[in-house]
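Structure first, then comments.
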Amino acid sequence: MPAPAQSFEELASRYEPVIGLEVHAQLLTRTKLFCGCANRFGAPPNTLVCPVCLGLPGALPVLNRRAVSLALRAALATGSTVHPVSVFERKNYFYPDLPKGYQISQYEKPLATGGFVAITGADGGEKRVRLARIHMEEDAGKLLHEGFPWSGEKSGVDLNRAGVPLIEIVSEPDLHGPEEAHAYLTALRGVLLYAGVSDCNMEEGSLRCDANVSVRPWGTEALSTRAEIKNLNSFRNVARAVEHEIARQVALVESGGEVVQETRLWNAERGETAPMRSKEDAHDYRYFPEPDLPPLVVSSEWVEESRASLPELPAERRRRFATEYALPGYDAGVLTQERDVAEYFEAAARASGNAKAVSNWVMTEVLRKLKELGGGLASCPIGPAALAGLVRLIDEGTISGKIAKDVFERMWATGEEAAAIVGREGLTQLSDESALEAVVAEVVAGSPDQAASYRGGKSAALGWFVGQVMRRTGGRANPQRVNALLRKALGGDS
Ligand SMILES: [Zn+2]
């Protein structure tokens, strides 16, 4: 099919995209959902298995209470209604990574329904994306297609992941573009991380997403036939795949074709989706209640205990940061995306008394260095108190903002306090006015041509002089003072 000639914006101006996301999140349990095998990523293939998760005949599942606790937290953190009785069912299908021939999931009676995730909508206001349901299920194993000497001829099966506890979070089709899909995933991830439900590590597959996409003429309400897109392994790829799929469907409909219900695979390298299989309906799975497990009963006490143990969640914290620390909405959003970053910011802001300065340091330098390092905040060598110390040195006028950047780099490399580095290396700002005047006089006297051109009206020459003075003082001069002294020495008043 030829590439659509029109821009995405043009296509989306005639048709409204309708998107619902299904997110699978692995729960942060020590063991699997129905057996005692470890729930751990990266072990040698088939070393974390037992008769239950291998699906051997006669083995019986026993529900992991901790997994239910975590699923409950996810439900409550999204404002969902927890049902006192939910039912595990067998979802029957054949696949080489599913030796039992069925997956234990929930279908007619899921753990929770309703609820929402708040995102910032296109108009800048808060938009609530409704959740249809949150249910519990077990993960399947994994096929290994590469990495072995025999990989060219056959595939391997690793069942370490079989039986790992998951929740599936199904949104209503409330999303209307790739940006909203991205915003929803970011917000949902924040909630799951804050609530301690999942580590949401997409590289390790602990957060996975499928997208249901359809388009309809603007102003109509009925949902059109949708395609389900799989193989979305990053938030960026979700947005790209959704955008591509919307364009494909609009082009198809406008050329007289019809969208068929099917599952499509996203190919990140080619930047397109391709058909994988015709989409099965629920009745193809022949769901029936799992005879080896009683219905899951969750008491109201358990629900209330879970609710009480939830921490402050991202949306709430974002609002509090904006008011309590007078931060712009953007800052509050970035700082609250991850719980440990929010806590780091808050500790440093309190210790320094200058929240906006701390916010700038965290959003730029700290997060940039962590990204370079490829690690989380736990690997940050500068603690919040140390960052506050650096900010205080700037606020007191002890060091210039320029020097502070160097000091920050040294703190990062050595773990030393800012004051120790500044004291030892004599980096304090030159506040001795006469010493500064002497340097200024020297620079002006040494460059008569530049001085003449400044006096002749070329005011940009002043910047050159400022640079010279900063260089001679090793960046320790206060730029505002240097500016003032230079104007005086050059005799101009521009
Ligand atoms: Zn097992």
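For the structure tokens, the naming scheme is as follows: chains receive sequential letters (A, B, ...) according to their order of presentation, residues are indexed from 1 within each chain, and ligands are indexed from 1 in presentation order.
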
Can you build me a table of chain A residues sitting at most 9 Å from ligand 1, with the closest atom pair per residue and its distance in Å to one decimal, using only C-alpha atoms and all ligand atoms, sorted by chain and residue number, as JSON lines?
```
{"residue": "A:Thr31", "atom": "CA", "partner": "ligand 1", "partner_atom_place_in_ligand_line": "1 (Zn)", "distance": 8.5}
{"residue": "A:Lys32", "atom": "CA", "partner": "ligand 1", "partner_atom_place_in_ligand_line": "1 (Zn)", "distance": 6.8}
{"residue": "A:Leu33", "atom": "CA", "partner": "ligand 1", "partner_atom_place_in_ligand_line": "1 (Zn)", "distance": 8.7}
{"residue": "A:Phe34", "atom": "CA", "partner": "ligand 1", "partner_atom_place_in_ligand_line": "1 (Zn)", "distance": 7.3}
{"residue": "A:Cys35", "atom": "CA", "partner": "ligand 1", "partner_atom_place_in_ligand_line": "1 (Zn)", "distance": 4.7}
{"residue": "A:Gly36", "atom": "CA", "partner": "ligand 1", "partner_atom_place_in_ligand_line": "1 (Zn)", "distance": 5.8}
{"residue": "A:Cys37", "atom": "CA", "partner": "ligand 1", "partner_atom_place_in_ligand_line": "1 (Zn)", "distance": 4.3}
{"residue": "A:Ala38", "atom": "CA", "partner": "ligand 1", "partner_atom_place_in_ligand_line": "1 (Zn)", "distance": 7.7}
{"residue": "A:Leu48", "atom": "CA", "partner": "ligand 1", "partner_atom_place_in_ligand_line": "1 (Zn)", "distance": 6.7}
{"residue": "A:Val49", "atom": "CA", "partner": "ligand 1", "partner_atom_place_in_ligand_line": "1 (Zn)", "distance": 4.4}
{"residue": "A:Cys50", "atom": "CA", "partner": "ligand 1", "partner_atom_place_in_ligand_line": "1 (Zn)", "distance": 3.9}
{"residue": "A:Pro51", "atom": "CA", "partner": "ligand 1", "partner_atom_place_in_ligand_line": "1 (Zn)", "distance": 6.3}
{"residue": "A:Val52", "atom": "CA", "partner": "ligand 1", "partner_atom_place_in_ligand_line": "1 (Zn)", "distance": 5.1}
{"residue": "A:Cys53", "atom": "CA", "partner": "ligand 1", "partner_atom_place_in_ligand_line": "1 (Zn)", "distance": 4.2}
{"residue": "A:Leu54", "atom": "CA", "partner": "ligand 1", "partner_atom_place_in_ligand_line": "1 (Zn)", "distance": 6.7}
{"residue": "A:Gly55", "atom": "CA", "partner": "ligand 1", "partner_atom_place_in_ligand_line": "1 (Zn)", "distance": 8.9}
{"residue": "A:Asn160", "atom": "CA", "partner": "ligand 1", "partner_atom_place_in_ligand_line": "1 (Zn)", "distance": 8.3}
{"residue": "A:Ala162", "atom": "CA", "partner": "ligand 1", "partner_atom_place_in_ligand_line": "1 (Zn)", "distance": 7.9}
{"residue": "A:Gly163", "atom": "CA", "partner": "ligand 1", "partner_atom_place_in_ligand_line": "1 (Zn)", "distance": 7.0}
{"residue": "A:Val164", "atom": "CA", "partner": "ligand 1", "partner_atom_place_in_ligand_line": "1 (Zn)", "distance": 8.9}
```

Writer output for current selection, N, CA, C and O atoms, as a PDB file, in the first residue's frame:
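What landed in selection.pdb:
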```
ATOM      1  N   THR A  31       7.275 -14.622  44.916  1.00  0.00           N
ATOM      2  CA  THR A  31       7.022 -15.905  44.252  1.00  0.00           C
ATOM      3  C   THR A  31       5.886 -15.779  43.242  1.00  0.00           C
ATOM      4  O   THR A  31       5.228 -14.756  43.155  1.00  0.00           O
ATOM      5  N   LYS A  32       5.676 -16.865  42.485  1.00  0.00           N
ATOM      6  CA  LYS A  32       4.680 -16.846  41.418  1.00  0.00           C
ATOM      7  C   LYS A  32       3.243 -16.849  41.968  1.00  0.00           C
ATOM      8  O   LYS A  32       3.025 -16.933  43.168  1.00  0.00           O
ATOM      9  N   LEU A  33       2.274 -16.783  41.038  1.00  0.00           N
ATOM     10  CA  LEU A  33       0.871 -16.599  41.448  1.00  0.00           C
ATOM     11  C   LEU A  33       0.280 -17.837  42.121  1.00  0.00           C
ATOM     12  O   LEU A  33      -0.516 -17.725  43.037  1.00  0.00           O
ATOM     13  N   PHE A  34       0.674 -19.029  41.641  1.00  0.00           N
ATOM     14  CA  PHE A  34       0.026 -20.243  42.178  1.00  0.00           C
ATOM     15  C   PHE A  34       1.012 -21.279  42.701  1.00  0.00           C
ATOM     16  O   PHE A  34       0.633 -22.422  42.962  1.00  0.00           O
ATOM     17  N   CYS A  35       2.307 -20.932  42.786  1.00  0.00           N
ATOM     18  CA  CYS A  35       3.283 -21.891  43.329  1.00  0.00           C
ATOM     19  C   CYS A  35       4.395 -21.122  44.025  1.00  0.00           C
ATOM     20  O   CYS A  35       4.414 -19.896  44.001  1.00  0.00           O
ATOM     21  N   GLY A  36       5.342 -21.853  44.598  1.00  0.00           N
ATOM     22  CA  GLY A  36       6.389 -21.212  45.387  1.00  0.00           C
ATOM     23  C   GLY A  36       7.634 -20.844  44.585  1.00  0.00           C
ATOM     24  O   GLY A  36       8.631 -20.391  45.151  1.00  0.00           O
ATOM     25  N   CYS A  37       7.615 -21.030  43.272  1.00  0.00           N
ATOM     26  CA  CYS A  37       8.789 -20.695  42.457  1.00  0.00           C
ATOM     27  C   CYS A  37       9.056 -19.195  42.508  1.00  0.00           C
ATOM     28  O   CYS A  37       8.123 -18.388  42.599  1.00  0.00           O
ATOM     29  N   ALA A  38      10.343 -18.832  42.422  1.00  0.00           N
ATOM     30  CA  ALA A  38      10.713 -17.418  42.501  1.00  0.00           C
ATOM     31  C   ALA A  38      10.200 -16.662  41.279  1.00  0.00           C
ATOM     32  O   ALA A  38      10.219 -17.171  40.155  1.00  0.00           O
ATOM     33  N   LEU A  48      13.476 -21.838  37.232  1.00  0.00           N
ATOM     34  CA  LEU A  48      12.513 -21.405  38.247  1.00  0.00           C
ATOM     35  C   LEU A  48      11.156 -22.029  37.916  1.00  0.00           C
ATOM     36  O   LEU A  48      10.210 -21.344  37.561  1.00  0.00           O
ATOM     37  N   VAL A  49      11.105 -23.352  37.984  1.00  0.00           N
ATOM     38  CA  VAL A  49       9.883 -24.052  37.598  1.00  0.00           C
ATOM     39  C   VAL A  49       9.588 -25.205  38.559  1.00  0.00           C
ATOM     40  O   VAL A  49      10.489 -25.672  39.265  1.00  0.00           O
ATOM     41  N   CYS A  50       8.330 -25.626  38.590  1.00  0.00           N
ATOM     42  CA  CYS A  50       7.904 -26.758  39.423  1.00  0.00           C
ATOM     43  C   CYS A  50       6.709 -27.426  38.731  1.00  0.00           C
ATOM     44  O   CYS A  50       6.235 -26.910  37.720  1.00  0.00           O
ATOM     45  N   PRO A  51       6.197 -28.524  39.244  1.00  0.00           N
ATOM     46  CA  PRO A  51       5.071 -29.199  38.567  1.00  0.00           C
ATOM     47  C   PRO A  51       3.877 -28.273  38.322  1.00  0.00           C
ATOM     48  O   PRO A  51       3.198 -28.399  37.318  1.00  0.00           O
ATOM     49  N   VAL A  52       3.632 -27.310  39.248  1.00  0.00           N
ATOM     50  CA  VAL A  52       2.445 -26.450  39.077  1.00  0.00           C
ATOM     51  C   VAL A  52       2.607 -25.536  37.869  1.00  0.00           C
ATOM     52  O   VAL A  52       1.748 -25.495  36.983  1.00  0.00           O
ATOM     53  N   CYS A  53       3.752 -24.799  37.798  1.00  0.00           N
ATOM     54  CA  CYS A  53       3.859 -23.841  36.694  1.00  0.00           C
ATOM     55  C   CYS A  53       4.301 -24.522  35.392  1.00  0.00           C
ATOM     56  O   CYS A  53       4.201 -23.929  34.323  1.00  0.00           O
ATOM     57  N   LEU A  54       4.755 -25.768  35.490  1.00  0.00           N
ATOM     58  CA  LEU A  54       5.031 -26.525  34.256  1.00  0.00           C
ATOM     59  C   LEU A  54       3.751 -27.136  33.706  1.00  0.00           C
ATOM     60  O   LEU A  54       3.723 -27.650  32.593  1.00  0.00           O
ATOM     61  N   GLY A  55       2.696 -27.119  34.505  1.00  0.00           N
ATOM     62  CA  GLY A  55       1.425 -27.668  34.053  1.00  0.00           C
ATOM     63  C   GLY A  55       1.409 -29.179  34.034  1.00  0.00           C
ATOM     64  O   GLY A  55       0.730 -29.790  33.206  1.00  0.00           O
ATOM     65  N   ASN A 160      10.385 -19.987  32.934  1.00  0.00           N
ATOM     66  CA  ASN A 160      10.586 -19.234  34.179  1.00  0.00           C
ATOM     67  C   ASN A 160       9.472 -18.214  34.403  1.00  0.00           C
ATOM     68  O   ASN A 160       9.113 -17.910  35.530  1.00  0.00           O
ATOM     69  N   ALA A 162       6.374 -18.496  33.294  1.00  0.00           N
ATOM     70  CA  ALA A 162       5.048 -19.108  33.378  1.00  0.00           C
ATOM     71  C   ALA A 162       4.560 -19.072  34.823  1.00  0.00           C
ATOM     72  O   ALA A 162       5.243 -19.541  35.725  1.00  0.00           O
ATOM     73  N   GLY A 163       3.392 -18.486  35.036  1.00  0.00           N
ATOM     74  CA  GLY A 163       2.829 -18.429  36.384  1.00  0.00           C
ATOM     75  C   GLY A 163       3.201 -17.175  37.163  1.00  0.00           C
ATOM     76  O   GLY A 163       2.789 -17.022  38.314  1.00  0.00           O
ATOM     77  N   VAL A 164       3.957 -16.271  36.556  1.00  0.00           N
ATOM     78  CA  VAL A 164       4.271 -15.007  37.230  1.00  0.00           C
ATOM     79  C   VAL A 164       2.976 -14.177  37.313  1.00  0.00           C
ATOM     80  O   VAL A 164       2.207 -14.138  36.357  1.00  0.00           O
TER      81      VAL A 164
END
```

Output as CSV one row per residue of stretch 296-367 of chain A within 12 Å of stretch 180-191 of chain A: the closest atom pair and its distance in Å to one decimal place, counting only C-alpha atoms, sorted by chain and residue number ascending.
```
residue,atom,partner,partner_atom,distance
A:Leu310,CA,A:Val191,CA,10.5
A:Pro311,CA,A:Val191,CA,10.1
A:Glu312,CA,A:Val191,CA,9.8
A:Leu313,CA,A:Val191,CA,6.4
A:Pro314,CA,A:Val191,CA,6.3
A:Ala315,CA,A:Ala187,CA,8.5
A:Glu316,CA,A:Val191,CA,10.7
A:Arg317,CA,A:Val191,CA,11.2
A:Arg318,CA,A:Gly190,CA,11.4
A:Gly333,CA,A:Ala187,CA,9.9
A:Val334,CA,A:Thr186,CA,10.8
A:Leu335,CA,A:Gly190,CA,11.1
A:Thr336,CA,A:Gly190,CA,8.1
A:Gln337,CA,A:Gly190,CA,5.5
A:Glu338,CA,A:Gly190,CA,6.1
A:Arg339,CA,A:Gly190,CA,7.7
A:Asp340,CA,A:Gly190,CA,11.0
A:Val341,CA,A:Gly190,CA,11.5
A:Ala342,CA,A:Gly190,CA,11.2
```

**Prompt:** Counting only C-alpha atoms, what is within 10 Å of A:Val68, bar same-chain residues fewer than 3 positions away, as a list in words?
**Reply:** Leu27, Thr29, Leu33, Leu63, Asn64, Arg65, Ala71, Leu72, Arg73, Ala74, Leu111, Met136, Pro165, Ile167, Leu296 and Val298 of chain A

Take the residues that were just selected and, keeping N, CA and C atoms, output them as a PDB file, in the first residue's frame.
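File written: out38.pdb
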```pdb
ATOM      1  N   LEU A  27       3.391  -8.250  38.862  1.00  0.00           N
ATOM      2  CA  LEU A  27       3.331  -7.808  40.252  1.00  0.00           C
ATOM      3  C   LEU A  27       4.647  -8.104  40.967  1.00  0.00           C
ATOM      4  N   THR A  29       5.922  -9.534  43.439  1.00  0.00           N
ATOM      5  CA  THR A  29       5.895 -10.558  44.488  1.00  0.00           C
ATOM      6  C   THR A  29       7.236 -11.280  44.521  1.00  0.00           C
ATOM      7  N   LEU A  33       2.274 -16.783  41.038  1.00  0.00           N
ATOM      8  CA  LEU A  33       0.871 -16.599  41.448  1.00  0.00           C
ATOM      9  C   LEU A  33       0.280 -17.837  42.121  1.00  0.00           C
ATOM     10  N   LEU A  63      -3.351 -19.951  45.592  1.00  0.00           N
ATOM     11  CA  LEU A  63      -3.260 -18.517  45.305  1.00  0.00           C
ATOM     12  C   LEU A  63      -2.311 -17.787  46.256  1.00  0.00           C
ATOM     13  N   ASN A  64      -1.490 -16.927  45.678  1.00  0.00           N
ATOM     14  CA  ASN A  64      -0.513 -16.119  46.427  1.00  0.00           C
ATOM     15  C   ASN A  64      -1.208 -14.890  47.015  1.00  0.00           C
ATOM     16  N   ARG A  65      -1.262 -14.819  48.329  1.00  0.00           N
ATOM     17  CA  ARG A  65      -1.994 -13.730  48.992  1.00  0.00           C
ATOM     18  C   ARG A  65      -1.372 -12.369  48.700  1.00  0.00           C
ATOM     19  N   ALA A  71      -2.617  -6.427  43.690  1.00  0.00           N
ATOM     20  CA  ALA A  71      -3.682  -6.132  42.726  1.00  0.00           C
ATOM     21  C   ALA A  71      -4.716  -5.201  43.357  1.00  0.00           C
ATOM     22  N   LEU A  72      -5.000  -5.433  44.649  1.00  0.00           N
ATOM     23  CA  LEU A  72      -5.923  -4.568  45.389  1.00  0.00           C
ATOM     24  C   LEU A  72      -5.406  -3.134  45.429  1.00  0.00           C
ATOM     25  N   ARG A  73      -4.107  -2.999  45.673  1.00  0.00           N
ATOM     26  CA  ARG A  73      -3.519  -1.649  45.736  1.00  0.00           C
ATOM     27  C   ARG A  73      -3.691  -0.938  44.400  1.00  0.00           C
ATOM     28  N   ALA A  74      -3.470  -1.683  43.305  1.00  0.00           N
ATOM     29  CA  ALA A  74      -3.627  -1.067  41.983  1.00  0.00           C
ATOM     30  C   ALA A  74      -5.071  -0.620  41.780  1.00  0.00           C
ATOM     31  N   LEU A 111     -11.592  -8.814  39.493  1.00  0.00           N
ATOM     32  CA  LEU A 111     -11.342  -8.273  40.832  1.00  0.00           C
ATOM     33  C   LEU A 111     -11.943  -6.877  40.984  1.00  0.00           C
ATOM     34  N   MET A 136      -6.850 -10.197  37.573  1.00  0.00           N
ATOM     35  CA  MET A 136      -5.591 -10.898  37.844  1.00  0.00           C
ATOM     36  C   MET A 136      -5.454 -12.067  36.881  1.00  0.00           C
ATOM     37  N   PRO A 165       2.708 -13.549  38.470  1.00  0.00           N
ATOM     38  CA  PRO A 165       1.428 -12.840  38.609  1.00  0.00           C
ATOM     39  C   PRO A 165       1.369 -11.541  37.800  1.00  0.00           C
ATOM     40  N   ILE A 167      -1.424  -8.197  36.569  1.00  0.00           N
ATOM     41  CA  ILE A 167      -2.758  -7.611  36.482  1.00  0.00           C
ATOM     42  C   ILE A 167      -2.899  -7.089  35.067  1.00  0.00           C
ATOM     43  N   LEU A 296     -12.397 -15.977  44.705  1.00  0.00           N
ATOM     44  CA  LEU A 296     -11.531 -15.110  45.519  1.00  0.00           C
ATOM     45  C   LEU A 296     -12.416 -14.159  46.330  1.00  0.00           C
ATOM     46  N   VAL A 298     -12.603 -11.133  48.995  1.00  0.00           N
ATOM     47  CA  VAL A 298     -11.818 -10.042  49.590  1.00  0.00           C
ATOM     48  C   VAL A 298     -12.705  -9.327  50.598  1.00  0.00           C
TER      49      VAL A 298
END
```

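The residue set within 10 Å of A:Tyr325, counting only C-alpha atoms and dropping same-chain residues fewer than 2 places from it, reads Arg320, Phe321, Ala322, Thr323, Leu327, Pro328, Ala332, Glu346, Ala349, Arg350, Gly353, Asn354, Ala355, Lys356 and Ser359 of chain A.
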
Store the residues picked out above, limited to N, CA and C atoms, as a short mmCIF file (atom, residue, chain, number, x, y, z; two decimals), in the first residue's frame.
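The file below, result.cif, is the result:
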```cif
data_model
loop_
_atom_site.label_atom_id
_atom_site.label_comp_id
_atom_site.auth_asym_id
_atom_site.auth_seq_id
_atom_site.Cartn_x
_atom_site.Cartn_y
_atom_site.Cartn_z
N ARG A 320 0.00 19.24 45.24
CA ARG A 320 0.60 19.77 46.47
C ARG A 320 1.91 20.48 46.17
N PHE A 321 2.75 19.90 45.30
CA PHE A 321 4.03 20.54 44.97
C PHE A 321 3.79 21.91 44.35
N ALA A 322 2.77 21.98 43.46
CA ALA A 322 2.50 23.25 42.78
C ALA A 322 2.11 24.32 43.78
N THR A 323 1.31 23.96 44.79
CA THR A 323 0.88 24.98 45.74
C THR A 323 1.90 25.18 46.86
N LEU A 327 5.57 25.89 42.53
CA LEU A 327 6.27 25.44 41.32
C LEU A 327 5.34 25.55 40.12
N PRO A 328 5.89 25.82 38.93
CA PRO A 328 5.07 25.75 37.72
C PRO A 328 4.54 24.32 37.54
N ALA A 332 6.17 20.51 38.56
CA ALA A 332 5.49 19.59 39.47
C ALA A 332 5.23 18.26 38.77
N GLU A 346 11.86 16.91 47.41
CA GLU A 346 11.23 17.52 48.57
C GLU A 346 12.22 17.67 49.73
N ALA A 349 14.54 20.51 48.75
CA ALA A 349 13.84 21.81 48.77
C ALA A 349 13.70 22.30 50.20
N ARG A 350 13.33 21.40 51.10
CA ARG A 350 13.15 21.79 52.50
C ARG A 350 14.47 22.21 53.12
N GLY A 353 15.61 25.66 51.33
CA GLY A 353 14.74 26.83 51.41
C GLY A 353 14.53 27.51 50.06
N ASN A 354 15.02 26.91 48.98
CA ASN A 354 14.83 27.49 47.65
C ASN A 354 14.33 26.39 46.70
N ALA A 355 13.01 26.18 46.73
CA ALA A 355 12.43 25.05 45.99
C ALA A 355 12.62 25.18 44.49
N LYS A 356 12.46 26.38 43.95
CA LYS A 356 12.56 26.53 42.50
C LYS A 356 13.98 26.23 42.02
N SER A 359 14.41 22.54 42.13
CA SER A 359 13.66 21.95 41.02
C SER A 359 14.48 22.03 39.73
#
```

Computed gap from atom CA of A:Ala211 to atom CA of A:Gly42 is 27.0 Å

| message | Would you pick out the contacts of stretch 289-295 of chain A at 12 Å or less, using only C-alpha atoms, so that residues sharing its chain but fewer than 5 positions from it are not included, and give the list as a ChimeraX atom specification? | response | /A:34,52,58-64,83-92,102-111,137

How would the residues just picked look written out with N, CA and C atoms as a PDB file, in the first residue's frame?
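The resulting again-v4.pdb:
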```
ATOM      1  N   PHE A  34       0.674 -19.029  41.641  1.00  0.00           N
ATOM      2  CA  PHE A  34       0.026 -20.243  42.178  1.00  0.00           C
ATOM      3  C   PHE A  34       1.012 -21.279  42.701  1.00  0.00           C
ATOM      4  N   VAL A  52       3.632 -27.310  39.248  1.00  0.00           N
ATOM      5  CA  VAL A  52       2.445 -26.450  39.077  1.00  0.00           C
ATOM      6  C   VAL A  52       2.607 -25.536  37.869  1.00  0.00           C
ATOM      7  N   GLY A  58      -2.127 -33.273  37.609  1.00  0.00           N
ATOM      8  CA  GLY A  58      -2.324 -33.519  39.031  1.00  0.00           C
ATOM      9  C   GLY A  58      -1.799 -32.431  39.945  1.00  0.00           C
ATOM     10  N   ALA A  59      -1.013 -31.490  39.429  1.00  0.00           N
ATOM     11  CA  ALA A  59      -0.488 -30.408  40.274  1.00  0.00           C
ATOM     12  C   ALA A  59      -1.604 -29.400  40.529  1.00  0.00           C
ATOM     13  N   LEU A  60      -1.680 -28.885  41.761  1.00  0.00           N
ATOM     14  CA  LEU A  60      -2.781 -27.988  42.115  1.00  0.00           C
ATOM     15  C   LEU A  60      -2.281 -26.581  42.457  1.00  0.00           C
ATOM     16  N   PRO A  61      -2.977 -25.555  41.945  1.00  0.00           N
ATOM     17  CA  PRO A  61      -2.575 -24.179  42.222  1.00  0.00           C
ATOM     18  C   PRO A  61      -3.012 -23.722  43.612  1.00  0.00           C
ATOM     19  N   VAL A  62      -2.186 -22.895  44.252  1.00  0.00           N
ATOM     20  CA  VAL A  62      -2.558 -22.254  45.525  1.00  0.00           C
ATOM     21  C   VAL A  62      -2.318 -20.756  45.346  1.00  0.00           C
ATOM     22  N   LEU A  63      -3.351 -19.951  45.592  1.00  0.00           N
ATOM     23  CA  LEU A  63      -3.260 -18.517  45.305  1.00  0.00           C
ATOM     24  C   LEU A  63      -2.311 -17.787  46.256  1.00  0.00           C
ATOM     25  N   ASN A  64      -1.490 -16.927  45.678  1.00  0.00           N
ATOM     26  CA  ASN A  64      -0.513 -16.119  46.427  1.00  0.00           C
ATOM     27  C   ASN A  64      -1.208 -14.890  47.015  1.00  0.00           C
ATOM     28  N   HIS A  83     -14.505  -5.824  43.895  1.00  0.00           N
ATOM     29  CA  HIS A  83     -15.649  -6.713  44.121  1.00  0.00           C
ATOM     30  C   HIS A  83     -15.327  -7.734  45.203  1.00  0.00           C
ATOM     31  N   PRO A  84     -16.232  -7.897  46.160  1.00  0.00           N
ATOM     32  CA  PRO A  84     -15.949  -8.806  47.286  1.00  0.00           C
ATOM     33  C   PRO A  84     -15.702 -10.241  46.824  1.00  0.00           C
ATOM     34  N   VAL A  85     -16.315 -10.632  45.717  1.00  0.00           N
ATOM     35  CA  VAL A  85     -16.074 -11.981  45.196  1.00  0.00           C
ATOM     36  C   VAL A  85     -15.700 -11.887  43.720  1.00  0.00           C
ATOM     37  N   SER A  86     -14.545 -12.430  43.368  1.00  0.00           N
ATOM     38  CA  SER A  86     -14.181 -12.516  41.950  1.00  0.00           C
ATOM     39  C   SER A  86     -13.801 -13.970  41.662  1.00  0.00           C
ATOM     40  N   VAL A  87     -13.778 -14.306  40.391  1.00  0.00           N
ATOM     41  CA  VAL A  87     -13.647 -15.720  40.032  1.00  0.00           C
ATOM     42  C   VAL A  87     -12.526 -15.932  39.010  1.00  0.00           C
ATOM     43  N   PHE A  88     -11.661 -16.889  39.325  1.00  0.00           N
ATOM     44  CA  PHE A  88     -10.634 -17.264  38.351  1.00  0.00           C
ATOM     45  C   PHE A  88     -11.227 -18.222  37.324  1.00  0.00           C
ATOM     46  N   GLU A  89     -10.868 -18.011  36.056  1.00  0.00           N
ATOM     47  CA  GLU A  89     -11.399 -18.878  35.000  1.00  0.00           C
ATOM     48  C   GLU A  89     -10.254 -19.379  34.124  1.00  0.00           C
ATOM     49  N   ARG A  90     -10.522 -20.448  33.421  1.00  0.00           N
ATOM     50  CA  ARG A  90      -9.540 -20.976  32.472  1.00  0.00           C
ATOM     51  C   ARG A  90      -9.767 -20.354  31.104  1.00  0.00           C
ATOM     52  N   LYS A  91      -8.730 -19.776  30.561  1.00  0.00           N
ATOM     53  CA  LYS A  91      -8.786 -19.231  29.205  1.00  0.00           C
ATOM     54  C   LYS A  91      -8.026 -20.229  28.338  1.00  0.00           C
ATOM     55  N   ASN A  92      -8.758 -20.955  27.505  1.00  0.00           N
ATOM     56  CA  ASN A  92      -8.154 -22.082  26.789  1.00  0.00           C
ATOM     57  C   ASN A  92      -7.578 -21.674  25.449  1.00  0.00           C
ATOM     58  N   TYR A 102      -4.044 -23.867  28.914  1.00  0.00           N
ATOM     59  CA  TYR A 102      -4.948 -22.788  29.349  1.00  0.00           C
ATOM     60  C   TYR A 102      -4.191 -21.861  30.294  1.00  0.00           C
ATOM     61  N   GLN A 103      -4.716 -20.650  30.366  1.00  0.00           N
ATOM     62  CA  GLN A 103      -4.138 -19.656  31.266  1.00  0.00           C
ATOM     63  C   GLN A 103      -5.187 -19.372  32.333  1.00  0.00           C
ATOM     64  N   ILE A 104      -4.767 -19.311  33.604  1.00  0.00           N
ATOM     65  CA  ILE A 104      -5.739 -18.959  34.643  1.00  0.00           C
ATOM     66  C   ILE A 104      -5.851 -17.441  34.693  1.00  0.00           C
ATOM     67  N   SER A 105      -7.069 -16.966  34.436  1.00  0.00           N
ATOM     68  CA  SER A 105      -7.312 -15.532  34.349  1.00  0.00           C
ATOM     69  C   SER A 105      -8.632 -15.234  35.050  1.00  0.00           C
ATOM     70  N   GLN A 106      -9.097 -14.014  34.945  1.00  0.00           N
ATOM     71  CA  GLN A 106     -10.442 -13.706  35.428  1.00  0.00           C
ATOM     72  C   GLN A 106     -11.221 -13.177  34.244  1.00  0.00           C
ATOM     73  N   TYR A 107     -12.504 -13.512  34.168  1.00  0.00           N
ATOM     74  CA  TYR A 107     -13.254 -13.086  32.998  1.00  0.00           C
ATOM     75  C   TYR A 107     -14.566 -12.425  33.381  1.00  0.00           C
ATOM     76  N   GLU A 108     -15.584 -13.224  33.701  1.00  0.00           N
ATOM     77  CA  GLU A 108     -16.885 -12.610  33.963  1.00  0.00           C
ATOM     78  C   GLU A 108     -16.914 -11.825  35.255  1.00  0.00           C
ATOM     79  N   LYS A 109     -16.174 -12.296  36.237  1.00  0.00           N
ATOM     80  CA  LYS A 109     -16.159 -11.600  37.526  1.00  0.00           C
ATOM     81  C   LYS A 109     -14.741 -11.184  37.863  1.00  0.00           C
ATOM     82  N   PRO A 110     -14.311 -10.033  37.365  1.00  0.00           N
ATOM     83  CA  PRO A 110     -12.946  -9.578  37.636  1.00  0.00           C
ATOM     84  C   PRO A 110     -12.812  -8.998  39.047  1.00  0.00           C
ATOM     85  N   LEU A 111     -11.592  -8.814  39.493  1.00  0.00           N
ATOM     86  CA  LEU A 111     -11.342  -8.273  40.832  1.00  0.00           C
ATOM     87  C   LEU A 111     -11.943  -6.877  40.984  1.00  0.00           C
ATOM     88  N   GLU A 137      -4.237 -12.392  36.527  1.00  0.00           N
ATOM     89  CA  GLU A 137      -3.998 -13.598  35.726  1.00  0.00           C
ATOM     90  C   GLU A 137      -2.533 -14.009  35.843  1.00  0.00           C
TER      91      GLU A 137
END
```

Note to self: Residues near A:Leu70, anyone? I mean within 9 Å using only C-alpha atoms, not counting same-chain ones fewer than 5 positions away, as a PyMOL selection string.
What the structure shows: chain A and resi 27-29+65+75+195-198+306

note - atom CA of A:His176 and atom CA of A:Gln26 are separated by 26.7 Å
